[in-house]
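To start, the structure itself, in structure tokens.
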Amino acid sequence: MSKQNFFHTLQKELQRIEDAKTAKRHEKIIEGFTDDPAPRAMIGGKTYMIFNSNDYLGLRFNDELKSAEASASESFGTGPGAVRFISGTLKVHRDLEKTIAKFHGRDDAIVISSAFATNLAVLFCLIKGQAADSVVAGDTLVVSDELNHRSIIDGIRVAGLPKENKAIFKHMDASDLKRVLSENSGKFKRVVVVTDGVFSMLGEYQDLKKLRSVIDEADNNFEEGIILVVDDAHGIGAFGRSGKGAEEVSGGEADVLVGTFGKAFGADGGYVVASQLVIDYLRESAATYIYSNSISPGTAAAAKAAISLLESKEGDKLLEKSRDSVKFFKKLMNQEGFAFAADSDHPIQPVLMGDAGISKAFREALFEAGILVTSINYPVVQKGRDEIRVQISASHTRSDIEHFVKQASRIGRDLGLLK
Ligand SMILES: Cc1ncc(COP(=O)(O)O)c(C=O)c1O
């Protein structure tokens with residue numbers, strides 16, 4: 001009987017989520033993809049243009065990546081077989097780590113199953129130290145941008161710091177970070193400042209140069225100084241002249257940089273690049289690395305092929321096409337009278353709806369018209385800043401974008417959003 005009561009409580013929680021209209025589990029099942037230049041998703045016998053994917057360069061359908069994946073699976077098998085320190089370190093994993101470290105101009109890298117799992121480990125290890133007898137434990141202040149990704153928030157949460165060891169600075173506000181650091185001057189041994197590079201809801205980026213200068217100025221006020229941790233999952237591969245993300249665009253460097261192979265690189269898995277010391281420390285301490293499998297050999301080989309492609313002329317062309325397409329999309333949408341929730345040059349384009357009902361109706365009408373987008377609502381964004389998040393891919397053709405804008409304008413007029 002007692003466990004029935006627990007299940008009843010879980011049922012009530014599901015109902016609470018449904019009532020709050022935040023349920024996410026009613027997922028659309030994609031049965032396959034067409035072979036258009038920007039492949040369409042096949043759902044329930046219909047095809048849909050994809051304007052809600054993080055595959056910013058269209059690399060997940062790239063033949064070079066697919067053949068690298070197939071040949072690594074042939075040589076190394078379909079799974080890693082064990083965690084890295086037991087017998088799961090395959091040559092493809094180390095090759096990938098060396099390649100991504102070189103791409104970012106850092107000493108070394110560590111690859112972990114996902115960027116979410118990477119952030120959990122990085123923050124736990126840098127804030128507190130993973131082991132009970134770790135000499136890193138305690139006396140750390142962690143300072144986080146107020147709109148950081150959930151994986152950063154959870155990484156801080158699992159470290160279980162007391163309230164006074166945690167602070168938040170206003171979104172993308174370096175002067176507020178300065179205030180937090182000065183109010184806490186000398187009170188802690190060390191400080192970890194953590195932020196997203198590109199923020200996934202609005203496509204805007206943190207000015208890392210400004211953050212860096214605030215941090216460097218306050219560094220001496222703490223016995224062990226301040227380090228800057230940046231998670232640039234959406235920026236790397238998609239943003240900046242050579243795809244190096246927020247660091248390249250803003251001209252500021254992280255001490256510890258987290259990325260994912262699961263977005264612009266078209267593969268899967270998370271990683272950190274940093275100094276040799278930091279990577280050695282993480283390899284010894286990160287629980288999601290030590291006690292959990294890494295990515296499969298095929299995925300590691302595909303990710304490595306994606307980096308090589310990005311560094312080639314073809315990569316330059318894809319990035320240039322991505323920039324042109326973003327400009328083209330913004331121009332057409334502005335001409336139609338749409339407003340944006342932020343002025344982003346990143347492939348994430350937040351089209352302002354201003355109301356949860358309108359954004360839901362807009363998304364549903366686009367779906368009816370054969371187009372996939374995501375609607376983003378309060379509390380993820382501020383009240384009245386509800387948006388349709390459009391994600392432009394380098395694989396979209398001009399006519400795909402024109403088609404999107406035509407459909408969006410028709411729906412915008414029908415819903416009274418446009419005159
Ligand atoms: C900023 C940020 N960090 C981390 C992640 C997680 O990436 P992964 O899918 O590799 O776990 C995401 C994905 O949504 C993200 O937006």
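Numbering starts fresh at 1 for the residues of each chain in the structure tokens, the chains themselves are lettered A, B, ... in the order given, and ligands are numbered from 1 as they appear.
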
>> At a cut-off of 10 Å, using only C-alpha atoms, what residues contact stretch 291-304 of chain A? Leave out same-chain residues fewer than 6 positions from it and give the result as a ChimeraX atom specification.
In response: /A:59-60,62-86,88-100,111-114,117,260-262,264-270,310

>> Within 10 Å of ligand 1 (counting only C-alpha atoms and all ligand atoms), which residues show up? I'd like them as a PyMOL selection string.
In response: chain A and resi 54+112-120+148-152+195-201+230-235+258-263+267-271

Just write the chosen residues, C-alpha atoms, as a short mmCIF file (atom, residue, chain, number, x, y, z; two decimals), in the first residue's frame.
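Okay, this is what ended up in again09.cif:
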```cif
data_model
loop_
_atom_site.label_atom_id
_atom_site.label_comp_id
_atom_site.auth_asym_id
_atom_site.auth_seq_id
_atom_site.Cartn_x
_atom_site.Cartn_y
_atom_site.Cartn_z
CA ASN A 54 21.38 23.09 -33.08
CA ILE A 112 32.94 13.45 -21.34
CA SER A 113 29.63 11.87 -22.46
CA SER A 114 27.77 15.19 -22.81
CA ALA A 115 28.27 18.88 -22.07
CA PHE A 116 25.65 18.60 -19.32
CA ALA A 117 27.69 15.87 -17.61
CA THR A 118 30.83 17.94 -18.26
CA ASN A 119 29.44 21.01 -16.48
CA LEU A 120 28.34 18.90 -13.49
CA ASN A 148 23.13 30.51 -17.12
CA HIS A 149 22.16 27.13 -18.57
CA ARG A 150 20.53 24.51 -16.36
CA SER A 151 23.66 22.31 -16.45
CA ILE A 152 25.65 25.13 -14.81
CA THR A 195 28.94 31.88 -17.59
CA ASP A 196 27.45 30.69 -20.86
CA GLY A 197 29.31 32.01 -23.92
CA VAL A 198 26.33 32.30 -26.27
CA PHE A 199 22.99 32.21 -24.41
CA SER A 200 20.66 29.71 -26.02
CA MET A 201 17.36 31.54 -25.56
CA VAL A 230 32.82 29.46 -19.87
CA ASP A 231 30.34 27.01 -21.39
CA ASP A 232 30.08 27.93 -25.06
CA ALA A 233 27.97 25.00 -26.27
CA HIS A 234 26.09 27.15 -28.80
CA GLY A 235 28.93 29.42 -29.84
CA VAL A 258 33.44 23.78 -22.01
CA GLY A 259 31.95 22.82 -25.38
CA THR A 260 29.79 20.18 -26.97
CA PHE A 261 30.19 18.06 -30.09
CA GLY A 262 26.41 17.67 -30.13
CA LYS A 263 25.47 20.98 -31.76
CA ALA A 267 28.15 14.58 -33.46
CA ASP A 268 27.74 14.15 -29.69
CA GLY A 269 29.60 14.48 -26.38
CA GLY A 270 30.99 17.24 -24.17
CA TYR A 271 34.53 18.45 -23.58
#
```

> Excluding same-chain residues fewer than 4 positions from A:His346, what lies within 8 Å of it counting only C-alpha atoms, as number ranges by chain?
Replying inline: A: 203-204, 235, 238-239, 323, 326

> Which neighbours of A:Arg410 fall inside 10 Å, counting only C-alpha atoms, when residues of the same chain fewer than 4 positions from it are skipped, and could you give them as a ChimeraX atom specification?
Replying inline: /A:336,365-366,405-406,414-415,418

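For the set A:Asp316, A:Glu13, A:Glu387, A:Asp345, the residue with the smallest atom-to-atom gap to A:Lys330 is A:Asp345, counting only C-alpha atoms.
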
Determine, for each residue of stretch 137-185 of chain A having at least one atom at most 8 Å from an atom of stretch 215-229 of chain A, the closest pair of atoms and their separation in Å to one decimal, counting only C-alpha atoms; order by chain and ascending number, as CSV.
```
residue,atom,partner,partner_atom,distance
A:Lys178,CA,A:Ile215,CA,7.7
A:Leu181,CA,A:Ala218,CA,6.9
A:Ser182,CA,A:Ala218,CA,7.5
A:Ser185,CA,A:Asn221,CA,5.6
```

> Looking at only C-alpha atoms, which of A:Lys331, A:Arg25, A:Leu372, A:Gly337 is the one that sits closest to A:Lys419?
Replying inline: A:Gly337

> Can you tell me, as a list in words, what residues are no more than 12 Å from A:Ile168 when counting only C-alpha atoms, ignoring any on the same chain fewer than 5 positions away?
Replying inline: Leu141, Val142, Val143, Ser144, Asp145, Glu146, Leu147, Asn148, Ile153, Ile156, Lys163, Asp173, Ala174, Asp176, Leu177, Lys178, Arg179, Val180, Leu181, Val192, Val193, Val194 and Thr195 of chain A

Mind dumping the selected residues with N, CA, C and O atoms as a PDB file, in the first residue's frame?
```
ATOM      1  N   LEU A 141      34.043  30.840  -3.498  1.00  0.00           N
ATOM      2  CA  LEU A 141      32.849  31.612  -3.877  1.00  0.00           C
ATOM      3  C   LEU A 141      32.592  31.327  -5.349  1.00  0.00           C
ATOM      4  O   LEU A 141      33.509  31.438  -6.168  1.00  0.00           O
ATOM      5  N   VAL A 142      31.355  30.945  -5.680  1.00  0.00           N
ATOM      6  CA  VAL A 142      31.039  30.756  -7.089  1.00  0.00           C
ATOM      7  C   VAL A 142      30.080  31.864  -7.522  1.00  0.00           C
ATOM      8  O   VAL A 142      29.113  32.169  -6.827  1.00  0.00           O
ATOM      9  N   VAL A 143      30.411  32.498  -8.643  1.00  0.00           N
ATOM     10  CA  VAL A 143      29.615  33.628  -9.119  1.00  0.00           C
ATOM     11  C   VAL A 143      29.113  33.307 -10.526  1.00  0.00           C
ATOM     12  O   VAL A 143      29.902  33.032 -11.425  1.00  0.00           O
ATOM     13  N   SER A 144      27.785  33.356 -10.698  1.00  0.00           N
ATOM     14  CA  SER A 144      27.169  32.847 -11.915  1.00  0.00           C
ATOM     15  C   SER A 144      26.288  33.918 -12.566  1.00  0.00           C
ATOM     16  O   SER A 144      25.595  34.662 -11.858  1.00  0.00           O
ATOM     17  N   ASP A 145      26.307  33.990 -13.909  1.00  0.00           N
ATOM     18  CA  ASP A 145      25.378  34.885 -14.621  1.00  0.00           C
ATOM     19  C   ASP A 145      23.952  34.415 -14.325  1.00  0.00           C
ATOM     20  O   ASP A 145      23.673  33.217 -14.305  1.00  0.00           O
ATOM     21  N   GLU A 146      23.035  35.378 -14.150  1.00  0.00           N
ATOM     22  CA  GLU A 146      21.684  34.982 -13.693  1.00  0.00           C
ATOM     23  C   GLU A 146      20.919  34.147 -14.719  1.00  0.00           C
ATOM     24  O   GLU A 146      19.956  33.475 -14.372  1.00  0.00           O
ATOM     25  N   LEU A 147      21.339  34.146 -15.999  1.00  0.00           N
ATOM     26  CA  LEU A 147      20.616  33.354 -16.994  1.00  0.00           C
ATOM     27  C   LEU A 147      21.413  32.146 -17.507  1.00  0.00           C
ATOM     28  O   LEU A 147      21.176  31.663 -18.608  1.00  0.00           O
ATOM     29  N   ASN A 148      22.333  31.655 -16.681  1.00  0.00           N
ATOM     30  CA  ASN A 148      23.133  30.513 -17.115  1.00  0.00           C
ATOM     31  C   ASN A 148      22.285  29.267 -17.359  1.00  0.00           C
ATOM     32  O   ASN A 148      21.200  29.108 -16.797  1.00  0.00           O
ATOM     33  N   ILE A 153      23.689  25.566 -13.477  1.00  0.00           N
ATOM     34  CA  ILE A 153      22.943  25.709 -12.212  1.00  0.00           C
ATOM     35  C   ILE A 153      23.018  24.403 -11.418  1.00  0.00           C
ATOM     36  O   ILE A 153      23.313  24.405 -10.215  1.00  0.00           O
ATOM     37  N   ILE A 156      26.426  23.712  -9.864  1.00  0.00           N
ATOM     38  CA  ILE A 156      26.635  24.474  -8.619  1.00  0.00           C
ATOM     39  C   ILE A 156      25.820  23.821  -7.493  1.00  0.00           C
ATOM     40  O   ILE A 156      26.320  23.625  -6.382  1.00  0.00           O
ATOM     41  N   LYS A 163      24.732  28.961   1.263  1.00  0.00           N
ATOM     42  CA  LYS A 163      24.214  30.116   0.520  1.00  0.00           C
ATOM     43  C   LYS A 163      25.232  31.245   0.355  1.00  0.00           C
ATOM     44  O   LYS A 163      25.357  31.853  -0.706  1.00  0.00           O
ATOM     45  N   ASP A 173      26.306  41.556 -17.369  1.00  0.00           N
ATOM     46  CA  ASP A 173      26.615  42.868 -16.806  1.00  0.00           C
ATOM     47  C   ASP A 173      27.944  42.791 -16.044  1.00  0.00           C
ATOM     48  O   ASP A 173      27.996  42.437 -14.868  1.00  0.00           O
ATOM     49  N   ALA A 174      29.028  43.154 -16.740  1.00  0.00           N
ATOM     50  CA  ALA A 174      30.361  43.052 -16.137  1.00  0.00           C
ATOM     51  C   ALA A 174      30.493  43.976 -14.932  1.00  0.00           C
ATOM     52  O   ALA A 174      31.210  43.664 -13.974  1.00  0.00           O
ATOM     53  N   ASP A 176      28.203  44.612 -12.781  1.00  0.00           N
ATOM     54  CA  ASP A 176      27.589  43.943 -11.627  1.00  0.00           C
ATOM     55  C   ASP A 176      28.500  42.842 -11.088  1.00  0.00           C
ATOM     56  O   ASP A 176      28.567  42.618  -9.878  1.00  0.00           O
ATOM     57  N   LEU A 177      29.232  42.180 -11.990  1.00  0.00           N
ATOM     58  CA  LEU A 177      30.212  41.181 -11.526  1.00  0.00           C
ATOM     59  C   LEU A 177      31.271  41.891 -10.669  1.00  0.00           C
ATOM     60  O   LEU A 177      31.675  41.388  -9.620  1.00  0.00           O
ATOM     61  N   LYS A 178      31.665  43.074 -11.115  1.00  0.00           N
ATOM     62  CA  LYS A 178      32.668  43.857 -10.367  1.00  0.00           C
ATOM     63  C   LYS A 178      32.150  44.141  -8.945  1.00  0.00           C
ATOM     64  O   LYS A 178      32.866  44.004  -7.966  1.00  0.00           O
ATOM     65  N   ARG A 179      30.860  44.521  -8.877  1.00  0.00           N
ATOM     66  CA  ARG A 179      30.243  44.796  -7.570  1.00  0.00           C
ATOM     67  C   ARG A 179      30.313  43.551  -6.675  1.00  0.00           C
ATOM     68  O   ARG A 179      30.744  43.622  -5.520  1.00  0.00           O
ATOM     69  N   VAL A 180      29.925  42.389  -7.235  1.00  0.00           N
ATOM     70  CA  VAL A 180      29.912  41.144  -6.441  1.00  0.00           C
ATOM     71  C   VAL A 180      31.324  40.829  -5.945  1.00  0.00           C
ATOM     72  O   VAL A 180      31.527  40.498  -4.768  1.00  0.00           O
ATOM     73  N   LEU A 181      32.315  40.966  -6.831  1.00  0.00           N
ATOM     74  CA  LEU A 181      33.689  40.637  -6.442  1.00  0.00           C
ATOM     75  C   LEU A 181      34.205  41.605  -5.395  1.00  0.00           C
ATOM     76  O   LEU A 181      34.896  41.218  -4.454  1.00  0.00           O
ATOM     77  N   VAL A 192      35.269  31.179  -8.396  1.00  0.00           N
ATOM     78  CA  VAL A 192      35.006  30.614  -9.724  1.00  0.00           C
ATOM     79  C   VAL A 192      33.879  31.439 -10.335  1.00  0.00           C
ATOM     80  O   VAL A 192      32.779  31.490  -9.793  1.00  0.00           O
ATOM     81  N   VAL A 193      34.185  32.135 -11.434  1.00  0.00           N
ATOM     82  CA  VAL A 193      33.143  32.874 -12.167  1.00  0.00           C
ATOM     83  C   VAL A 193      32.731  32.001 -13.340  1.00  0.00           C
ATOM     84  O   VAL A 193      33.585  31.498 -14.077  1.00  0.00           O
ATOM     85  N   VAL A 194      31.413  31.805 -13.507  1.00  0.00           N
ATOM     86  CA  VAL A 194      30.969  30.891 -14.564  1.00  0.00           C
ATOM     87  C   VAL A 194      29.848  31.518 -15.390  1.00  0.00           C
ATOM     88  O   VAL A 194      28.953  32.175 -14.855  1.00  0.00           O
ATOM     89  N   THR A 195      29.952  31.309 -16.704  1.00  0.00           N
ATOM     90  CA  THR A 195      28.942  31.879 -17.593  1.00  0.00           C
ATOM     91  C   THR A 195      28.789  31.052 -18.871  1.00  0.00           C
ATOM     92  O   THR A 195      29.726  30.365 -19.285  1.00  0.00           O
TER      93      THR A 195
END
```
